[in-house]
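Pasting coords.pdb here (PDB, C-alpha atoms, pLDDT in the B column):
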```pdb
ATOM      1  CA  MET A  26     -52.958  -0.817 -47.853  1.00 52.00           C
ATOM      2  CA  PRO A  27     -50.420  -3.333 -46.460  1.00 65.00           C
ATOM      3  CA  PRO A  28     -48.577  -5.134 -49.309  1.00 71.00           C
ATOM      4  CA  ASP A  29     -49.560  -8.543 -47.881  1.00 90.00           C
ATOM      5  CA  LEU A  30     -53.213  -7.564 -48.133  1.00 91.00           C
ATOM      6  CA  GLU A  31     -52.719  -6.486 -51.734  1.00 91.00           C
ATOM      7  CA  LYS A  32     -51.134  -9.887 -52.405  1.00 92.00           C
ATOM      8  CA  LEU A  33     -54.148 -11.719 -50.928  1.00 93.00           C
ATOM      9  CA  LEU A  34     -56.538  -9.834 -53.209  1.00 94.00           C
ATOM     10  CA  ASP A  35     -54.366 -10.294 -56.305  1.00 94.00           C
ATOM     11  CA  THR A  36     -53.980 -14.028 -55.660  1.00 94.00           C
ATOM     12  CA  ALA A  37     -57.741 -14.528 -55.615  1.00 95.00           C
ATOM     13  CA  LEU A  38     -58.201 -12.421 -58.753  1.00 95.00           C
ATOM     14  CA  SER A  39     -55.428 -14.255 -60.606  1.00 95.00           C
ATOM     15  CA  GLU A  40     -57.153 -17.557 -59.802  1.00 95.00           C
ATOM     16  CA  GLY A  41     -60.470 -16.238 -61.114  1.00 95.00           C
ATOM     17  CA  ARG A  42     -62.100 -16.263 -57.681  1.00 95.00           C
ATOM     18  CA  ALA A  43     -64.739 -13.715 -56.687  1.00 96.00           C
ATOM     19  CA  TRP A  44     -64.384 -14.467 -52.963  1.00 97.00           C
ATOM     20  CA  LEU A  45     -61.434 -14.935 -50.663  1.00 97.00           C
ATOM     21  CA  LEU A  46     -61.367 -18.213 -48.768  1.00 97.00           C
ATOM     22  CA  GLU A  47     -62.383 -17.737 -45.137  1.00 97.00           C
ATOM     23  CA  PRO A  48     -58.820 -18.074 -43.796  1.00 97.00           C
ATOM     24  CA  GLU A  49     -57.736 -15.469 -46.378  1.00 97.00           C
ATOM     25  CA  ALA A  50     -60.543 -13.123 -45.324  1.00 98.00           C
ATOM     26  CA  LYS A  51     -59.549 -13.556 -41.688  1.00 98.00           C
ATOM     27  CA  GLN A  52     -55.916 -12.925 -42.568  1.00 97.00           C
ATOM     28  CA  ALA A  53     -57.036  -9.744 -44.350  1.00 97.00           C
ATOM     29  CA  CYS A  54     -58.773  -8.673 -41.131  1.00 97.00           C
ATOM     30  CA  ARG A  55     -55.610  -9.284 -39.157  1.00 97.00           C
ATOM     31  CA  LEU A  56     -53.570  -7.249 -41.625  1.00 96.00           C
ATOM     32  CA  MET A  57     -55.988  -4.377 -40.904  1.00 96.00           C
ATOM     33  CA  ASN A  58     -55.524  -4.983 -37.146  1.00 97.00           C
ATOM     34  CA  ILE A  59     -59.050  -6.327 -36.736  1.00 98.00           C
ATOM     35  CA  ALA A  60     -59.006  -9.197 -34.235  1.00 98.00           C
ATOM     36  CA  THR A  61     -60.261 -12.622 -35.335  1.00 98.00           C
ATOM     37  CA  ALA A  62     -60.691 -15.987 -33.688  1.00 98.00           C
ATOM     38  CA  ARG A  63     -57.421 -17.958 -33.728  1.00 98.00           C
ATOM     39  CA  PHE A  64     -57.351 -20.484 -36.563  1.00 98.00           C
ATOM     40  CA  LYS A  65     -55.277 -22.909 -38.617  1.00 98.00           C
ATOM     41  CA  VAL A  66     -56.049 -24.669 -41.895  1.00 98.00           C
ATOM     42  CA  ALA A  67     -55.678 -28.466 -41.721  1.00 98.00           C
ATOM     43  CA  HIS A  68     -55.184 -30.656 -44.788  1.00 98.00           C
ATOM     44  CA  SER A  69     -55.484 -33.954 -42.911  1.00 98.00           C
ATOM     45  CA  LEU A  70     -56.952 -35.361 -39.726  1.00 98.00           C
ATOM     46  CA  ASP A  71     -53.527 -35.394 -38.078  1.00 98.00           C
ATOM     47  CA  GLU A  72     -53.025 -31.717 -38.926  1.00 98.00           C
ATOM     48  CA  ALA A  73     -56.483 -30.935 -37.518  1.00 98.00           C
ATOM     49  CA  LEU A  74     -55.661 -32.710 -34.249  1.00 98.00           C
ATOM     50  CA  THR A  75     -52.351 -30.854 -33.959  1.00 98.00           C
ATOM     51  CA  ALA A  76     -54.048 -27.530 -34.711  1.00 98.00           C
ATOM     52  CA  ALA A  77     -56.729 -28.135 -32.098  1.00 98.00           C
ATOM     53  CA  GLU A  78     -54.119 -28.945 -29.451  1.00 98.00           C
ATOM     54  CA  GLU A  79     -52.262 -25.714 -30.268  1.00 98.00           C
ATOM     55  CA  ILE A  80     -55.416 -23.575 -30.269  1.00 98.00           C
ATOM     56  CA  GLY A  81     -57.035 -25.328 -27.311  1.00 98.00           C
ATOM     57  CA  TYR A  82     -60.402 -27.080 -27.090  1.00 98.00           C
ATOM     58  CA  PRO A  83     -63.255 -26.482 -27.693  1.00 98.00           C
ATOM     59  CA  VAL A  84     -62.822 -25.692 -31.380  1.00 98.00           C
ATOM     60  CA  VAL A  85     -64.941 -25.109 -34.466  1.00 98.00           C
ATOM     61  CA  LEU A  86     -64.442 -26.996 -37.732  1.00 98.00           C
ATOM     62  CA  LYS A  87     -65.333 -25.407 -41.089  1.00 98.00           C
ATOM     63  CA  VAL A  88     -64.846 -26.651 -44.616  1.00 98.00           C
ATOM     64  CA  VAL A  89     -62.568 -24.476 -46.781  1.00 98.00           C
ATOM     65  CA  SER A  90     -63.592 -24.483 -50.435  1.00 97.00           C
ATOM     66  CA  PRO A  91     -63.663 -21.883 -53.222  1.00 96.00           C
ATOM     67  CA  ASP A  92     -66.893 -23.541 -54.413  1.00 96.00           C
ATOM     68  CA  ILE A  93     -68.791 -23.266 -51.106  1.00 96.00           C
ATOM     69  CA  LEU A  94     -69.757 -19.797 -49.905  1.00 92.00           C
ATOM     70  CA  HIS A  95     -72.453 -20.827 -47.420  1.00 92.00           C
ATOM     71  CA  LYS A  96     -70.794 -23.600 -45.429  1.00 96.00           C
ATOM     72  CA  SER A  97     -73.725 -24.355 -43.108  1.00 93.00           C
ATOM     73  CA  ASP A  98     -75.981 -25.150 -46.080  1.00 94.00           C
ATOM     74  CA  VAL A  99     -73.872 -28.214 -46.939  1.00 96.00           C
ATOM     75  CA  GLY A 100     -73.137 -29.361 -43.388  1.00 97.00           C
ATOM     76  CA  GLY A 101     -69.683 -27.831 -43.514  1.00 98.00           C
ATOM     77  CA  VAL A 102     -69.580 -26.418 -39.964  1.00 98.00           C
ATOM     78  CA  VAL A 103     -69.243 -28.191 -36.608  1.00 98.00           C
ATOM     79  CA  LEU A 104     -69.343 -26.117 -33.418  1.00 97.00           C
ATOM     80  CA  ASP A 105     -68.044 -26.810 -29.916  1.00 97.00           C
ATOM     81  CA  VAL A 106     -65.781 -29.809 -30.596  1.00 98.00           C
ATOM     82  CA  LYS A 107     -64.588 -30.616 -27.102  1.00 98.00           C
ATOM     83  CA  GLY A 108     -61.724 -33.116 -27.495  1.00 98.00           C
ATOM     84  CA  PRO A 109     -59.625 -35.340 -29.804  1.00 98.00           C
ATOM     85  CA  GLU A 110     -62.170 -38.154 -30.088  1.00 98.00           C
ATOM     86  CA  ALA A 111     -64.973 -35.737 -30.904  1.00 98.00           C
ATOM     87  CA  LEU A 112     -62.708 -34.030 -33.425  1.00 98.00           C
ATOM     88  CA  LYS A 113     -61.927 -37.290 -35.231  1.00 98.00           C
ATOM     89  CA  ALA A 114     -65.615 -38.104 -35.601  1.00 98.00           C
ATOM     90  CA  SER A 115     -66.599 -34.547 -36.514  1.00 98.00           C
ATOM     91  CA  TYR A 116     -63.804 -34.106 -39.068  1.00 98.00           C
ATOM     92  CA  ASN A 117     -64.724 -37.249 -41.002  1.00 97.00           C
ATOM     93  CA  ALA A 118     -68.468 -36.608 -40.770  1.00 98.00           C
ATOM     94  CA  LEU A 119     -68.043 -33.026 -42.000  1.00 98.00           C
ATOM     95  CA  LEU A 120     -66.108 -34.105 -45.096  1.00 98.00           C
ATOM     96  CA  SER A 121     -68.629 -36.860 -45.831  1.00 98.00           C
ATOM     97  CA  ARG A 122     -71.577 -34.446 -45.633  1.00 98.00           C
ATOM     98  CA  VAL A 123     -69.890 -31.874 -47.850  1.00 98.00           C
ATOM     99  CA  LYS A 124     -68.868 -34.437 -50.485  1.00 97.00           C
ATOM    100  CA  GLU A 125     -72.401 -35.828 -50.553  1.00 97.00           C
ATOM    101  CA  ALA A 126     -74.054 -32.381 -50.741  1.00 97.00           C
ATOM    102  CA  LYS A 127     -71.615 -30.905 -53.251  1.00 97.00           C
ATOM    103  CA  PRO A 128     -69.484 -33.646 -54.839  1.00 97.00           C
ATOM    104  CA  GLU A 129     -68.010 -31.305 -57.458  1.00 97.00           C
ATOM    105  CA  ALA A 130     -66.613 -28.851 -54.858  1.00 97.00           C
ATOM    106  CA  LYS A 131     -62.860 -28.519 -54.513  1.00 97.00           C
ATOM    107  CA  ILE A 132     -61.973 -28.924 -50.836  1.00 97.00           C
ATOM    108  CA  VAL A 133     -58.833 -27.009 -49.849  1.00 97.00           C
ATOM    109  CA  GLY A 134     -58.867 -28.129 -46.233  1.00 98.00           C
ATOM    110  CA  VAL A 135     -60.659 -27.779 -42.921  1.00 98.00           C
ATOM    111  CA  LEU A 136     -60.436 -24.622 -40.824  1.00 98.00           C
ATOM    112  CA  VAL A 137     -59.787 -25.394 -37.152  1.00 98.00           C
ATOM    113  CA  GLU A 138     -60.759 -22.360 -35.108  1.00 98.00           C
ATOM    114  CA  GLU A 139     -61.131 -21.424 -31.469  1.00 98.00           C
ATOM    115  CA  MET A 140     -64.675 -21.555 -30.142  1.00 98.00           C
ATOM    116  CA  LEU A 141     -65.269 -18.015 -28.908  1.00 98.00           C
ATOM    117  CA  ARG A 142     -67.103 -17.601 -25.622  1.00 96.00           C
ATOM    118  CA  PRO A 143     -70.719 -16.466 -26.007  1.00 95.00           C
ATOM    119  CA  SER A 144     -71.512 -12.757 -26.017  1.00 95.00           C
ATOM    120  CA  LEU A 145     -73.534 -10.226 -27.978  1.00 94.00           C
ATOM    121  CA  GLU A 146     -73.229 -10.797 -31.739  1.00 95.00           C
ATOM    122  CA  VAL A 147     -73.064  -7.834 -34.101  1.00 96.00           C
ATOM    123  CA  ALA A 148     -72.301  -7.544 -37.806  1.00 96.00           C
ATOM    124  CA  PHE A 149     -70.244  -5.229 -39.994  1.00 97.00           C
ATOM    125  CA  GLY A 150     -70.264  -4.922 -43.745  1.00 97.00           C
ATOM    126  CA  LEU A 151     -68.715  -3.010 -46.585  1.00 98.00           C
ATOM    127  CA  VAL A 152     -70.633  -2.627 -49.842  1.00 97.00           C
ATOM    128  CA  ARG A 153     -69.798  -0.692 -52.984  1.00 95.00           C
ATOM    129  CA  ASP A 154     -72.712   1.250 -54.451  1.00 89.00           C
ATOM    130  CA  PRO A 155     -72.417   2.105 -58.183  1.00 88.00           C
ATOM    131  CA  GLN A 156     -73.536   5.688 -57.501  1.00 90.00           C
ATOM    132  CA  PHE A 157     -72.223   6.540 -54.025  1.00 91.00           C
ATOM    133  CA  GLY A 158     -69.175   4.283 -53.749  1.00 94.00           C
ATOM    134  CA  PRO A 159     -68.156   2.352 -50.621  1.00 97.00           C
ATOM    135  CA  ALA A 160     -70.519   2.269 -47.646  1.00 98.00           C
ATOM    136  CA  VAL A 161     -70.053   0.782 -44.171  1.00 98.00           C
ATOM    137  CA  MET A 162     -72.841  -1.224 -42.514  1.00 97.00           C
ATOM    138  CA  PHE A 163     -73.355  -1.976 -38.811  1.00 97.00           C
ATOM    139  CA  GLY A 164     -76.110  -3.841 -36.992  1.00 95.00           C
ATOM    140  CA  LEU A 165     -77.341  -6.834 -35.064  1.00 92.00           C
ATOM    141  CA  GLY A 166     -75.425  -9.965 -36.051  1.00 91.00           C
ATOM    142  CA  GLY A 167     -75.700 -13.727 -36.034  1.00 83.00           C
ATOM    143  CA  ILE A 168     -78.607 -15.557 -37.625  1.00 74.00           C
ATOM    144  CA  TYR A 169     -80.973 -12.627 -37.012  1.00 67.00           C
ATOM    145  CA  VAL A 170     -79.291 -10.074 -39.281  1.00 68.00           C
ATOM    146  CA  GLU A 171     -81.527 -11.031 -42.237  1.00 68.00           C
ATOM    147  CA  LEU A 172     -84.649 -11.402 -40.102  1.00 68.00           C
ATOM    148  CA  TYR A 173     -84.658  -8.131 -38.159  1.00 70.00           C
ATOM    149  CA  ARG A 174     -82.685  -5.886 -40.514  1.00 78.00           C
ATOM    150  CA  ASP A 175     -81.533  -3.847 -37.522  1.00 87.00           C
ATOM    151  CA  VAL A 176     -78.762  -2.182 -39.538  1.00 92.00           C
ATOM    152  CA  THR A 177     -77.527   1.244 -40.549  1.00 95.00           C
ATOM    153  CA  PHE A 178     -75.207   2.529 -43.289  1.00 96.00           C
ATOM    154  CA  ARG A 179     -72.761   5.393 -43.842  1.00 97.00           C
ATOM    155  CA  ILE A 180     -70.988   6.408 -47.038  1.00 97.00           C
ATOM    156  CA  ALA A 181     -67.197   6.133 -46.645  1.00 98.00           C
ATOM    157  CA  PRO A 182     -64.996   7.774 -45.605  1.00 98.00           C
ATOM    158  CA  ILE A 183     -66.536   8.068 -42.157  1.00 98.00           C
ATOM    159  CA  SER A 184     -65.318  10.023 -39.131  1.00 98.00           C
ATOM    160  CA  VAL A 185     -65.145   8.849 -35.524  1.00 98.00           C
ATOM    161  CA  GLU A 186     -68.327  10.815 -34.845  1.00 98.00           C
ATOM    162  CA  GLU A 187     -70.153   9.174 -37.755  1.00 98.00           C
ATOM    163  CA  ALA A 188     -69.053   5.711 -36.594  1.00 98.00           C
ATOM    164  CA  GLN A 189     -70.379   6.490 -33.114  1.00 98.00           C
ATOM    165  CA  GLU A 190     -73.668   7.711 -34.610  1.00 98.00           C
ATOM    166  CA  MET A 191     -74.040   4.487 -36.581  1.00 97.00           C
ATOM    167  CA  ILE A 192     -73.722   2.391 -33.467  1.00 97.00           C
ATOM    168  CA  ARG A 193     -76.181   4.557 -31.511  1.00 97.00           C
ATOM    169  CA  GLU A 194     -78.805   4.372 -34.292  1.00 96.00           C
ATOM    170  CA  VAL A 195     -79.539   0.647 -34.124  1.00 94.00           C
ATOM    171  CA  LYS A 196     -81.754  -1.042 -31.537  1.00 91.00           C
ATOM    172  CA  VAL A 197     -78.911  -3.322 -30.450  1.00 90.00           C
ATOM    173  CA  TYR A 198     -77.178  -0.226 -28.995  1.00 94.00           C
ATOM    174  CA  ARG A 199     -79.189  -0.617 -25.769  1.00 93.00           C
ATOM    175  CA  LEU A 200     -77.609  -4.033 -25.259  1.00 92.00           C
ATOM    176  CA  LEU A 201     -74.146  -2.555 -25.739  1.00 95.00           C
ATOM    177  CA  THR A 202     -74.677  -0.004 -22.960  1.00 94.00           C
ATOM    178  CA  GLY A 203     -75.509  -2.519 -20.221  1.00 89.00           C
ATOM    179  CA  TYR A 204     -79.220  -3.259 -20.609  1.00 84.00           C
ATOM    180  CA  ARG A 205     -80.963  -4.578 -17.454  1.00 83.00           C
ATOM    181  CA  GLY A 206     -77.830  -5.351 -15.506  1.00 83.00           C
ATOM    182  CA  MET A 207     -75.855  -6.807 -18.392  1.00 86.00           C
ATOM    183  CA  PRO A 208     -72.216  -5.687 -18.567  1.00 92.00           C
ATOM    184  CA  LYS A 209     -71.359  -2.645 -20.661  1.00 96.00           C
ATOM    185  CA  LEU A 210     -69.600  -3.760 -23.837  1.00 97.00           C
ATOM    186  CA  ASP A 211     -66.675  -2.252 -25.730  1.00 98.00           C
ATOM    187  CA  ILE A 212     -68.269   0.293 -28.069  1.00 98.00           C
ATOM    188  CA  GLU A 213     -64.890   1.862 -28.875  1.00 98.00           C
ATOM    189  CA  ALA A 214     -63.715  -1.463 -30.331  1.00 98.00           C
ATOM    190  CA  LEU A 215     -66.727  -1.369 -32.675  1.00 98.00           C
ATOM    191  CA  VAL A 216     -65.971   2.222 -33.700  1.00 98.00           C
ATOM    192  CA  ASP A 217     -62.439   1.085 -34.549  1.00 98.00           C
ATOM    193  CA  ILE A 218     -63.690  -1.721 -36.815  1.00 98.00           C
ATOM    194  CA  ALA A 219     -66.058   0.647 -38.619  1.00 98.00           C
ATOM    195  CA  LEU A 220     -63.223   3.107 -39.290  1.00 98.00           C
ATOM    196  CA  LYS A 221     -60.933   0.371 -40.585  1.00 98.00           C
ATOM    197  CA  LEU A 222     -63.579  -0.934 -42.984  1.00 98.00           C
ATOM    198  CA  SER A 223     -64.190   2.620 -44.171  1.00 98.00           C
ATOM    199  CA  LYS A 224     -60.471   3.040 -44.861  1.00 97.00           C
ATOM    200  CA  LEU A 225     -60.363  -0.267 -46.743  1.00 97.00           C
ATOM    201  CA  GLY A 226     -63.295   0.730 -48.941  1.00 96.00           C
ATOM    202  CA  VAL A 227     -61.828   4.117 -49.788  1.00 96.00           C
ATOM    203  CA  GLU A 228     -58.301   2.923 -50.453  1.00 93.00           C
ATOM    204  CA  HIS A 229     -58.973  -0.176 -52.488  1.00 89.00           C
ATOM    205  CA  SER A 230     -61.548  -0.605 -55.226  1.00 92.00           C
ATOM    206  CA  LYS A 231     -60.616  -4.300 -55.645  1.00 95.00           C
ATOM    207  CA  VAL A 232     -62.582  -5.020 -52.457  1.00 96.00           C
ATOM    208  CA  ARG A 233     -66.203  -5.216 -53.579  1.00 96.00           C
ATOM    209  CA  GLN A 234     -67.878  -6.457 -50.403  1.00 97.00           C
ATOM    210  CA  VAL A 235     -67.020  -7.463 -46.850  1.00 98.00           C
ATOM    211  CA  ASP A 236     -69.208  -9.377 -44.391  1.00 97.00           C
ATOM    212  CA  LEU A 237     -68.037  -9.723 -40.792  1.00 97.00           C
ATOM    213  CA  ASN A 238     -70.780 -11.703 -39.053  1.00 95.00           C
ATOM    214  CA  PRO A 239     -70.839 -12.519 -36.277  1.00 95.00           C
ATOM    215  CA  VAL A 240     -68.484 -10.204 -34.452  1.00 97.00           C
ATOM    216  CA  MET A 241     -68.473 -11.090 -30.761  1.00 98.00           C
ATOM    217  CA  VAL A 242     -68.418  -7.993 -28.529  1.00 98.00           C
ATOM    218  CA  TYR A 243     -66.991  -8.277 -25.033  1.00 98.00           C
ATOM    219  CA  GLU A 244     -66.433  -5.942 -22.111  1.00 97.00           C
ATOM    220  CA  LYS A 245     -62.957  -5.494 -23.561  1.00 98.00           C
ATOM    221  CA  GLY A 246     -62.507  -5.922 -27.300  1.00 98.00           C
ATOM    222  CA  ALA A 247     -64.438  -7.389 -30.213  1.00 98.00           C
ATOM    223  CA  ILE A 248     -63.470 -10.499 -32.202  1.00 98.00           C
ATOM    224  CA  VAL A 249     -64.526 -11.534 -35.707  1.00 98.00           C
ATOM    225  CA  ALA A 250     -65.883 -15.084 -35.718  1.00 97.00           C
ATOM    226  CA  ASP A 251     -66.745 -15.311 -39.413  1.00 96.00           C
ATOM    227  CA  ALA A 252     -65.500 -13.243 -42.358  1.00 97.00           C
ATOM    228  CA  ARG A 253     -66.183 -13.061 -46.084  1.00 97.00           C
ATOM    229  CA  MET A 254     -64.571 -10.767 -48.624  1.00 98.00           C
ATOM    230  CA  GLN A 255     -65.498 -10.348 -52.281  1.00 97.00           C
ATOM    231  CA  VAL A 256     -63.002  -9.043 -54.824  1.00 96.00           C
ATOM    232  CA  GLY A 257     -63.344  -7.801 -58.380  1.00 92.00           C
TER     233      GLY A 257
END
```
Kindly return the structure encoded in the file as structure tokens.
Amino acid sequence: MPPDLEKLLDTALSEGRAWLLEPEAKQACRLMNIATARFKVAHSLDEALTAAEEIGYPVVLKVVSPDILHKSDVGGVVLDVKGPEALKASYNALLSRVKEAKPEAKIVGVLVEEMLRPSLEVAFGLVRDPQFGPAVMFGLGGIYVELYRDVTFRIAPISVEEAQEMIREVKVYRLLTGYRGMPKLDIEALVDIALKLSKLGVEHSKVRQVDLNPVMVYEKGAIVADARMQVG
């Protein structure tokens, strides 16, 4: 495991946190060479405006707080912010909603992130079973992951062949292969993510759970839009 990744996990544990902050979880992905949406953490409106200019509009705004795991539930996410004026209004409104919904929450900052272009959304996970150890999950992503449960699991470590089998097992596989004239998407990029999560689970018991959802799959590459990582 890269030493910087070890440091991320130890920092959260030393602060008594069960979950990495989203920017930390995304940094962990990057340290494993898993691509994520470009992002910066802003601690003021001016920093948010500067970050958005550097990243390029449209952007997404998300509250960063160790006390808020589900950001959408407290109004802590704004999608498709198209320019500076919209950002100013969205930034202030987001903080107001969060403070009203959860006044006791510590707010670290606001994540300013590139708005990824639409594509098929899939999900990856890593869970640690008390009996079998780490297991990798793959399936349909976005808001439908809970509804359709179109997912499959493999006990880690997994091989390339097992990762390929996982992806072929779920119904969403037909969409990856170019269903009804849609473009064929990058299945090899998904195999790569599955293998990297498997390696993480095997090599480090401090990582208890990982949720990468959604992961946007394109004709070339796959990019993590949202990431959570539990430590213990």
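Under the PyMOL selection byres ((chain A and resi 67) around 10), the matching residues in the shown file are Phe64, Lys65, Val66, His68, Ser69, Leu70, Asp71, Glu72, Ala73, Leu74, Thr75, Ala76, Ala77, Leu86, Val88, Val89, Val133, Gly134, Val135, Leu136 and Val137 of chain A.
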Can those selected residues be exported to a file as an mmCIF file, in the coordinates of the input so that it contains C-alpha atoms?
```cif
data_model
loop_
_atom_site.group_PDB
_atom_site.id
_atom_site.type_symbol
_atom_site.label_atom_id
_atom_site.label_comp_id
_atom_site.auth_asym_id
_atom_site.auth_seq_id
_atom_site.Cartn_x
_atom_site.Cartn_y
_atom_site.Cartn_z
ATOM 1 C CA PHE A 64 -57.351 -20.484 -36.563
ATOM 2 C CA LYS A 65 -55.277 -22.909 -38.617
ATOM 3 C CA VAL A 66 -56.049 -24.669 -41.895
ATOM 4 C CA HIS A 68 -55.184 -30.656 -44.788
ATOM 5 C CA SER A 69 -55.484 -33.954 -42.911
ATOM 6 C CA LEU A 70 -56.952 -35.361 -39.726
ATOM 7 C CA ASP A 71 -53.527 -35.394 -38.078
ATOM 8 C CA GLU A 72 -53.025 -31.717 -38.926
ATOM 9 C CA ALA A 73 -56.483 -30.935 -37.518
ATOM 10 C CA LEU A 74 -55.661 -32.710 -34.249
ATOM 11 C CA THR A 75 -52.351 -30.854 -33.959
ATOM 12 C CA ALA A 76 -54.048 -27.530 -34.711
ATOM 13 C CA ALA A 77 -56.729 -28.135 -32.098
ATOM 14 C CA LEU A 86 -64.442 -26.996 -37.732
ATOM 15 C CA VAL A 88 -64.846 -26.651 -44.616
ATOM 16 C CA VAL A 89 -62.568 -24.476 -46.781
ATOM 17 C CA VAL A 133 -58.833 -27.009 -49.849
ATOM 18 C CA GLY A 134 -58.867 -28.129 -46.233
ATOM 19 C CA VAL A 135 -60.659 -27.779 -42.921
ATOM 20 C CA LEU A 136 -60.436 -24.622 -40.824
ATOM 21 C CA VAL A 137 -59.787 -25.394 -37.152
#
```
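Across A:Arg153, A:Lys196, A:Lys87, A:Lys107, the tightest approach to Gln255 in chain A is made by A:Arg153 when counting all atoms listed in the file.
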- Message: Running the PyMOL selection byres ((chain A and resi 239) around 8) on this model by hand, what would come out? Give it as an MDAnalysis selection string.
- Response: chainID A and resid 146:148 166:167 237:238 240:241 249:251
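Near (-72.7, -26.6, -42.0), the residues that fall inside 10 Å on the basis of all atoms listed in the file are Leu86, Lys87, Val88, His95, Lys96, Ser97, Asp98, Val99, Gly100, Gly101, Val102, Val103, Leu104, Leu119, Arg122 and Val123 of chain A.
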- Which residues, written as a ChimeraX atom specification, have at least one atom at most 12 Å from Leu45 in chain A, with all atoms listed in the file counted and residues fewer than 3 positions away on the same chain left out? /A:30,32-42,48-54,89-94,231-236,252-257
File dump, residues just selected, C-alpha atoms, as a PDB file, keeping the file's coordinate frame:
```pdb
ATOM      1  CA  LEU A  30     -53.213  -7.564 -48.133  1.00 91.00           C
ATOM      2  CA  LYS A  32     -51.134  -9.887 -52.405  1.00 92.00           C
ATOM      3  CA  LEU A  33     -54.148 -11.719 -50.928  1.00 93.00           C
ATOM      4  CA  LEU A  34     -56.538  -9.834 -53.209  1.00 94.00           C
ATOM      5  CA  ASP A  35     -54.366 -10.294 -56.305  1.00 94.00           C
ATOM      6  CA  THR A  36     -53.980 -14.028 -55.660  1.00 94.00           C
ATOM      7  CA  ALA A  37     -57.741 -14.528 -55.615  1.00 95.00           C
ATOM      8  CA  LEU A  38     -58.201 -12.421 -58.753  1.00 95.00           C
ATOM      9  CA  SER A  39     -55.428 -14.255 -60.606  1.00 95.00           C
ATOM     10  CA  GLU A  40     -57.153 -17.557 -59.802  1.00 95.00           C
ATOM     11  CA  GLY A  41     -60.470 -16.238 -61.114  1.00 95.00           C
ATOM     12  CA  ARG A  42     -62.100 -16.263 -57.681  1.00 95.00           C
ATOM     13  CA  PRO A  48     -58.820 -18.074 -43.796  1.00 97.00           C
ATOM     14  CA  GLU A  49     -57.736 -15.469 -46.378  1.00 97.00           C
ATOM     15  CA  ALA A  50     -60.543 -13.123 -45.324  1.00 98.00           C
ATOM     16  CA  LYS A  51     -59.549 -13.556 -41.688  1.00 98.00           C
ATOM     17  CA  GLN A  52     -55.916 -12.925 -42.568  1.00 97.00           C
ATOM     18  CA  ALA A  53     -57.036  -9.744 -44.350  1.00 97.00           C
ATOM     19  CA  CYS A  54     -58.773  -8.673 -41.131  1.00 97.00           C
ATOM     20  CA  VAL A  89     -62.568 -24.476 -46.781  1.00 98.00           C
ATOM     21  CA  SER A  90     -63.592 -24.483 -50.435  1.00 97.00           C
ATOM     22  CA  PRO A  91     -63.663 -21.883 -53.222  1.00 96.00           C
ATOM     23  CA  ASP A  92     -66.893 -23.541 -54.413  1.00 96.00           C
ATOM     24  CA  ILE A  93     -68.791 -23.266 -51.106  1.00 96.00           C
ATOM     25  CA  LEU A  94     -69.757 -19.797 -49.905  1.00 92.00           C
ATOM     26  CA  LYS A 231     -60.616  -4.300 -55.645  1.00 95.00           C
ATOM     27  CA  VAL A 232     -62.582  -5.020 -52.457  1.00 96.00           C
ATOM     28  CA  ARG A 233     -66.203  -5.216 -53.579  1.00 96.00           C
ATOM     29  CA  GLN A 234     -67.878  -6.457 -50.403  1.00 97.00           C
ATOM     30  CA  VAL A 235     -67.020  -7.463 -46.850  1.00 98.00           C
ATOM     31  CA  ASP A 236     -69.208  -9.377 -44.391  1.00 97.00           C
ATOM     32  CA  ALA A 252     -65.500 -13.243 -42.358  1.00 97.00           C
ATOM     33  CA  ARG A 253     -66.183 -13.061 -46.084  1.00 97.00           C
ATOM     34  CA  MET A 254     -64.571 -10.767 -48.624  1.00 98.00           C
ATOM     35  CA  GLN A 255     -65.498 -10.348 -52.281  1.00 97.00           C
ATOM     36  CA  VAL A 256     -63.002  -9.043 -54.824  1.00 96.00           C
ATOM     37  CA  GLY A 257     -63.344  -7.801 -58.380  1.00 92.00           C
TER      38      GLY A 257
END
```
Serialized range 150-155 of chain A w/ N, CA, C and O atoms as a PDB file, in the first residue's frame:
```pdb
ATOM      1  N   GLY A 150     -17.915  -1.864  -4.895  1.00  0.00           N
ATOM      2  CA  GLY A 150     -17.833  -1.843  -3.442  1.00  0.00           C
ATOM      3  C   GLY A 150     -16.794  -2.827  -2.947  1.00  0.00           C
ATOM      4  O   GLY A 150     -16.379  -3.752  -3.660  1.00  0.00           O
ATOM      5  N   LEU A 151     -16.374  -2.595  -1.718  1.00  0.00           N
ATOM      6  CA  LEU A 151     -15.530  -3.540  -1.005  1.00  0.00           C
ATOM      7  C   LEU A 151     -16.139  -3.698   0.380  1.00  0.00           C
ATOM      8  O   LEU A 151     -16.384  -2.699   1.060  1.00  0.00           O
ATOM      9  N   VAL A 152     -16.434  -4.918   0.768  1.00  0.00           N
ATOM     10  CA  VAL A 152     -16.980  -5.190   2.094  1.00  0.00           C
ATOM     11  C   VAL A 152     -16.106  -6.248   2.758  1.00  0.00           C
ATOM     12  O   VAL A 152     -15.410  -7.012   2.082  1.00  0.00           O
ATOM     13  N   ARG A 153     -16.151  -6.276   4.080  1.00  0.00           N
ATOM     14  CA  ARG A 153     -15.315  -7.226   4.814  1.00  0.00           C
ATOM     15  C   ARG A 153     -16.226  -8.133   5.636  1.00  0.00           C
ATOM     16  O   ARG A 153     -16.790  -7.720   6.651  1.00  0.00           O
ATOM     17  N   ASP A 154     -16.388  -9.355   5.172  1.00  0.00           N
ATOM     18  CA  ASP A 154     -17.236 -10.334   5.847  1.00  0.00           C
ATOM     19  C   ASP A 154     -16.466 -10.974   7.008  1.00  0.00           C
ATOM     20  O   ASP A 154     -15.299 -11.333   6.849  1.00  0.00           O
ATOM     21  N   PRO A 155     -17.118 -11.111   8.195  1.00  0.00           N
ATOM     22  CA  PRO A 155     -16.429 -11.690   9.347  1.00  0.00           C
ATOM     23  C   PRO A 155     -15.904 -13.104   9.086  1.00  0.00           C
ATOM     24  O   PRO A 155     -14.885 -13.516   9.638  1.00  0.00           O
TER      25      PRO A 155
END
```
